[in-house]
Amino acid sequence: MKVILSGRNTKNLKDTSLKCRHNTIIKTLDVSDKQSVKEIVNEIKKEVKFIDVLVNCAGINIESRDWDNVNEDEWDNVIQTNLNGLFYCCKSVIPIMKQKMDGLIINVSSWSGNHVSLLSGVSYTSSKHALNAMTETINMKYCNYGIRACALCPGEVATAILDKRPKKLTIEQKNKMLQPDDLGETISFLCQMPKHVCINELTISPTWHRRYIADLGIEKL
């Protein structure tokens, strides 16, 4: 596949590009800007003609995430990126996939997309529940066009978003979590499934699951 990397941080995109086996195209983009999404997707269409797979993995969270201290602006930022941004990308890419009668959309959601959690925060949990619902409506609407969508729902993953947690985590705790490459392998698996197969939703979590451990009274969250 020809890989197109897109995101807000150009340095991160370049670092990721170096890890790819083949040449990649870099498109700096903030998915929360709907006009920019349209422009970038049009550029990609002109350059490569089709988009076979869309992986939506943009997502943010905030430190002040409880009902008592979350503010309206931060709520808006989370919803704008985690839900609206992914909607803009899907909305722009689906017409291209319809033309080819084929396409795979992977929306990276969260364990919190199926499990209401105060730990994840009201805005993040709400955005991921909505994302799961939005993803399934794509299957309902466009399955006859050969388009399939998957809500990928990982448990805790050791990424930079963890640094937004009110209670900081230790290196030992992070090492027991899912790692970014684990998600990469899962996404690769989804991409290699036959076109007649739709995995509507896939949940993946660390074996050493902190929520389960907490329920056993072994460790507090």
# chains A, B, ... in the order shown; residues from 1 in each chain; ligands from 1
>>> residues_around(residues="region 107-115 of chain A", least_positions_apart="4", cutoff="8 Å", atoms="only C-alpha atoms", output="PyMOL selection string")
chain A and resi 55-58+86+120+124-132+135+149-156+203+205
>>> residues_around(residues="Thr16 (chain A)", least_positions_apart="5", cutoff="12 Å", atoms="only C-alpha atoms", output="list in words")
Val3, Ile4, Leu5, Ser6, Gly7, Asn9, Thr10, Lys11, Arg21, His22, Asn23, Thr24, Ile25, Ile26 and Pro180 of chain A
>>> select_by_dssp(residues="region 39-215 of chain A", states="helix (DSSP H, G or I)", output="ChimeraX atom specification")
/A:39-48,72-100,111-113,122-145,160-164,171-175,180-191,210-215
>>> atom_distance(atom1="CA of Ser36 (chain A)", atom2="CA of Leu54 (chain A)")
16.4 Å
>>> select_by_dssp(residues="region 55-163 of chain A", states="strand (DSSP E or B)", output="count of residues only")
17
>>> closest_residue(among="A:Asp163, A:Val197, A:Arg210, A:Glu136", to="Met177 (chain A)", atoms="only C-alpha atoms")
A:Arg210
>>> closest_residue(among="A:His196, A:Val157, A:Val122, A:Asp182", to="Glu72 (chain A)", atoms="only C-alpha atoms")
A:Val122
>>> residues_around(residues="Val37 (chain A)", least_positions_apart="6", cutoff="8 Å", atoms="only C-alpha atoms", output="list in words")
Leu29, Asp30, Val31, Tyr88, Cys89 and Ser92 of chain A
>>> write_last_selection(atoms="all heavy atoms", output="PDB file, in the first residue's frame")
ATOM      1  N   LEU A  29      -2.205  18.149   8.917  1.00  0.00           N
ATOM      2  CA  LEU A  29      -3.642  18.419   8.978  1.00  0.00           C
ATOM      3  C   LEU A  29      -4.150  18.361  10.404  1.00  0.00           C
ATOM      4  O   LEU A  29      -3.765  17.476  11.173  1.00  0.00           O
ATOM      5  CB  LEU A  29      -4.394  17.375   8.131  1.00  0.00           C
ATOM      6  CG  LEU A  29      -5.916  17.333   8.257  1.00  0.00           C
ATOM      7  CD1 LEU A  29      -6.530  18.587   7.653  1.00  0.00           C
ATOM      8  CD2 LEU A  29      -6.483  16.089   7.599  1.00  0.00           C
ATOM      9  N   ASP A  30      -5.017  19.277  10.745  1.00  0.00           N
ATOM     10  CA  ASP A  30      -5.770  19.226  11.999  1.00  0.00           C
ATOM     11  C   ASP A  30      -7.179  18.769  11.630  1.00  0.00           C
ATOM     12  O   ASP A  30      -7.925  19.498  10.971  1.00  0.00           O
ATOM     13  CB  ASP A  30      -5.804  20.612  12.647  1.00  0.00           C
ATOM     14  CG  ASP A  30      -6.544  20.620  13.982  1.00  0.00           C
ATOM     15  OD1 ASP A  30      -7.209  19.613  14.295  1.00  0.00           O
ATOM     16  OD2 ASP A  30      -6.484  21.638  14.692  1.00  0.00           O
ATOM     17  N   VAL A  31      -7.549  17.554  12.048  1.00  0.00           N
ATOM     18  CA  VAL A  31      -8.831  16.994  11.618  1.00  0.00           C
ATOM     19  C   VAL A  31     -10.027  17.778  12.153  1.00  0.00           C
ATOM     20  O   VAL A  31     -11.142  17.627  11.636  1.00  0.00           O
ATOM     21  CB  VAL A  31      -8.980  15.514  12.026  1.00  0.00           C
ATOM     22  CG1 VAL A  31      -7.930  14.664  11.347  1.00  0.00           C
ATOM     23  CG2 VAL A  31      -8.930  15.349  13.533  1.00  0.00           C
ATOM     24  N   TYR A  88     -15.626  14.351   9.948  1.00  0.00           N
ATOM     25  CA  TYR A  88     -15.203  15.089   8.764  1.00  0.00           C
ATOM     26  C   TYR A  88     -14.400  14.196   7.822  1.00  0.00           C
ATOM     27  O   TYR A  88     -14.589  14.238   6.592  1.00  0.00           O
ATOM     28  CB  TYR A  88     -14.340  16.297   9.151  1.00  0.00           C
ATOM     29  CG  TYR A  88     -15.003  17.302  10.057  1.00  0.00           C
ATOM     30  CD1 TYR A  88     -14.255  18.049  10.968  1.00  0.00           C
ATOM     31  CD2 TYR A  88     -16.383  17.531  10.014  1.00  0.00           C
ATOM     32  CE1 TYR A  88     -14.842  18.985  11.808  1.00  0.00           C
ATOM     33  CE2 TYR A  88     -16.982  18.457  10.854  1.00  0.00           C
ATOM     34  CZ  TYR A  88     -16.206  19.183  11.755  1.00  0.00           C
ATOM     35  OH  TYR A  88     -16.796  20.107  12.587  1.00  0.00           O
ATOM     36  N   CYS A  89     -13.498  13.388   8.389  1.00  0.00           N
ATOM     37  CA  CYS A  89     -12.674  12.510   7.558  1.00  0.00           C
ATOM     38  C   CYS A  89     -13.520  11.446   6.861  1.00  0.00           C
ATOM     39  O   CYS A  89     -13.364  11.203   5.657  1.00  0.00           O
ATOM     40  CB  CYS A  89     -11.591  11.849   8.414  1.00  0.00           C
ATOM     41  SG  CYS A  89     -10.340  12.994   9.043  1.00  0.00           S
ATOM     42  N   SER A  92     -15.664  12.934   4.064  1.00  0.00           N
ATOM     43  CA  SER A  92     -14.909  13.325   2.869  1.00  0.00           C
ATOM     44  C   SER A  92     -14.425  12.119   2.066  1.00  0.00           C
ATOM     45  O   SER A  92     -14.287  12.203   0.839  1.00  0.00           O
ATOM     46  CB  SER A  92     -13.710  14.187   3.277  1.00  0.00           C
ATOM     47  OG  SER A  92     -14.130  15.398   3.868  1.00  0.00           O
TER      48      SER A  92
END
>>> decode(residues="region 54-69 of chain A", atoms="all heavy atoms", output="short mmCIF file (atom, residue, chain, number, x, y, z; two decimals), in the first residue's frame")
data_model
loop_
_atom_site.label_atom_id
_atom_site.label_comp_id
_atom_site.auth_asym_id
_atom_site.auth_seq_id
_atom_site.Cartn_x
_atom_site.Cartn_y
_atom_site.Cartn_z
N LEU A 54 -9.02 4.00 5.33
CA LEU A 54 -8.90 5.20 6.17
C LEU A 54 -8.77 4.75 7.62
O LEU A 54 -9.64 4.07 8.14
CB LEU A 54 -10.14 6.09 6.01
CG LEU A 54 -10.27 7.25 7.02
CD1 LEU A 54 -9.15 8.27 6.85
CD2 LEU A 54 -11.64 7.92 6.89
N VAL A 55 -7.67 5.13 8.25
CA VAL A 55 -7.48 4.85 9.67
C VAL A 55 -7.58 6.17 10.43
O VAL A 55 -6.73 7.04 10.30
CB VAL A 55 -6.11 4.19 9.95
CG1 VAL A 55 -5.96 3.92 11.45
CG2 VAL A 55 -5.96 2.90 9.15
N ASN A 56 -8.65 6.32 11.17
CA ASN A 56 -8.87 7.53 11.97
C ASN A 56 -8.40 7.28 13.39
O ASN A 56 -9.05 6.56 14.15
CB ASN A 56 -10.38 7.88 12.00
CG ASN A 56 -10.79 8.71 10.81
OD1 ASN A 56 -10.06 9.58 10.35
ND2 ASN A 56 -11.98 8.45 10.30
N CYS A 57 -7.27 7.86 13.77
CA CYS A 57 -6.76 7.61 15.12
C CYS A 57 -6.49 8.89 15.90
O CYS A 57 -5.84 8.86 16.94
CB CYS A 57 -5.51 6.74 15.08
SG CYS A 57 -4.16 7.42 14.12
N ALA A 58 -6.97 10.01 15.41
CA ALA A 58 -6.81 11.26 16.17
C ALA A 58 -7.66 11.20 17.43
O ALA A 58 -8.80 10.73 17.41
CB ALA A 58 -7.22 12.45 15.31
N GLY A 59 -7.10 11.66 18.53
CA GLY A 59 -7.86 11.66 19.78
C GLY A 59 -7.13 12.42 20.88
O GLY A 59 -5.90 12.38 20.95
N ILE A 60 -7.88 13.11 21.71
CA ILE A 60 -7.30 13.85 22.82
C ILE A 60 -8.11 13.61 24.08
O ILE A 60 -9.24 13.13 24.02
CB ILE A 60 -7.24 15.38 22.54
CG1 ILE A 60 -8.66 15.95 22.37
CG2 ILE A 60 -6.38 15.68 21.32
CD1 ILE A 60 -8.70 17.47 22.28
N ASN A 61 -7.50 13.92 25.21
CA ASN A 61 -8.21 13.95 26.48
C ASN A 61 -7.67 15.11 27.29
O ASN A 61 -6.70 15.77 26.89
CB ASN A 61 -8.08 12.63 27.23
CG ASN A 61 -9.24 12.39 28.19
OD1 ASN A 61 -10.03 13.29 28.47
ND2 ASN A 61 -9.35 11.17 28.69
N ILE A 62 -8.28 15.38 28.41
CA ILE A 62 -7.92 16.54 29.23
C ILE A 62 -7.69 16.09 30.67
O ILE A 62 -8.16 15.02 31.08
CB ILE A 62 -9.02 17.62 29.18
CG1 ILE A 62 -10.39 17.00 29.50
CG2 ILE A 62 -9.05 18.29 27.82
CD1 ILE A 62 -11.54 17.97 29.51
N GLU A 63 -6.99 16.91 31.43
CA GLU A 63 -6.74 16.57 32.83
C GLU A 63 -7.96 16.85 33.70
O GLU A 63 -8.33 16.06 34.56
CB GLU A 63 -5.52 17.34 33.34
CG GLU A 63 -4.21 16.85 32.75
CD GLU A 63 -3.00 17.43 33.46
OE1 GLU A 63 -3.07 17.59 34.69
OE2 GLU A 63 -2.00 17.72 32.79
N SER A 64 -8.60 17.99 33.48
CA SER A 64 -9.78 18.35 34.27
C SER A 64 -11.00 17.72 33.63
O SER A 64 -11.73 18.36 32.87
CB SER A 64 -9.93 19.88 34.33
OG SER A 64 -8.78 20.47 34.91
N ARG A 65 -11.23 16.46 33.95
CA ARG A 65 -12.21 15.67 33.19
C ARG A 65 -13.45 15.28 33.97
O ARG A 65 -14.38 14.72 33.41
CB ARG A 65 -11.52 14.40 32.67
CG ARG A 65 -10.91 13.54 33.77
CD ARG A 65 -10.16 12.34 33.21
NE ARG A 65 -9.02 12.73 32.41
CZ ARG A 65 -8.15 11.89 31.87
NH1 ARG A 65 -8.33 10.58 32.05
NH2 ARG A 65 -7.12 12.30 31.17
N ASP A 66 -13.47 15.57 35.27
CA ASP A 66 -14.62 15.22 36.09
C ASP A 66 -15.72 16.26 35.92
O ASP A 66 -15.47 17.41 35.56
CB ASP A 66 -14.20 15.14 37.57
CG ASP A 66 -15.32 14.63 38.45
OD1 ASP A 66 -15.62 13.43 38.39
OD2 ASP A 66 -15.90 15.45 39.19
N TRP A 67 -16.98 15.86 36.18
CA TRP A 67 -18.11 16.79 36.06
C TRP A 67 -17.88 18.08 36.88
O TRP A 67 -18.27 19.15 36.46
CB TRP A 67 -19.40 16.12 36.55
CG TRP A 67 -20.18 15.44 35.47
CD1 TRP A 67 -20.27 14.09 35.24
CD2 TRP A 67 -20.98 16.06 34.45
NE1 TRP A 67 -21.08 13.85 34.15
CE2 TRP A 67 -21.54 15.04 33.65
CE3 TRP A 67 -21.28 17.39 34.15
CZ2 TRP A 67 -22.36 15.29 32.58
CZ3 TRP A 67 -22.12 17.65 33.07
CH2 TRP A 67 -22.65 16.60 32.29
N ASP A 68 -17.23 17.95 38.02
CA ASP A 68 -17.07 19.10 38.90
C ASP A 68 -16.06 20.12 38.39
O ASP A 68 -16.12 21.29 38.77
CB ASP A 68 -16.64 18.65 40.31
CG ASP A 68 -17.76 17.96 41.06
OD1 ASP A 68 -18.94 18.21 40.72
OD2 ASP A 68 -17.45 17.16 41.97
N ASN A 69 -15.14 19.68 37.51
CA ASN A 69 -14.13 20.64 37.07
C ASN A 69 -13.94 20.77 35.57
O ASN A 69 -13.16 21.60 35.10
CB ASN A 69 -12.77 20.31 37.73
CG ASN A 69 -12.36 18.86 37.52
OD1 ASN A 69 -12.64 18.27 36.49
ND2 ASN A 69 -11.69 18.30 38.52
#
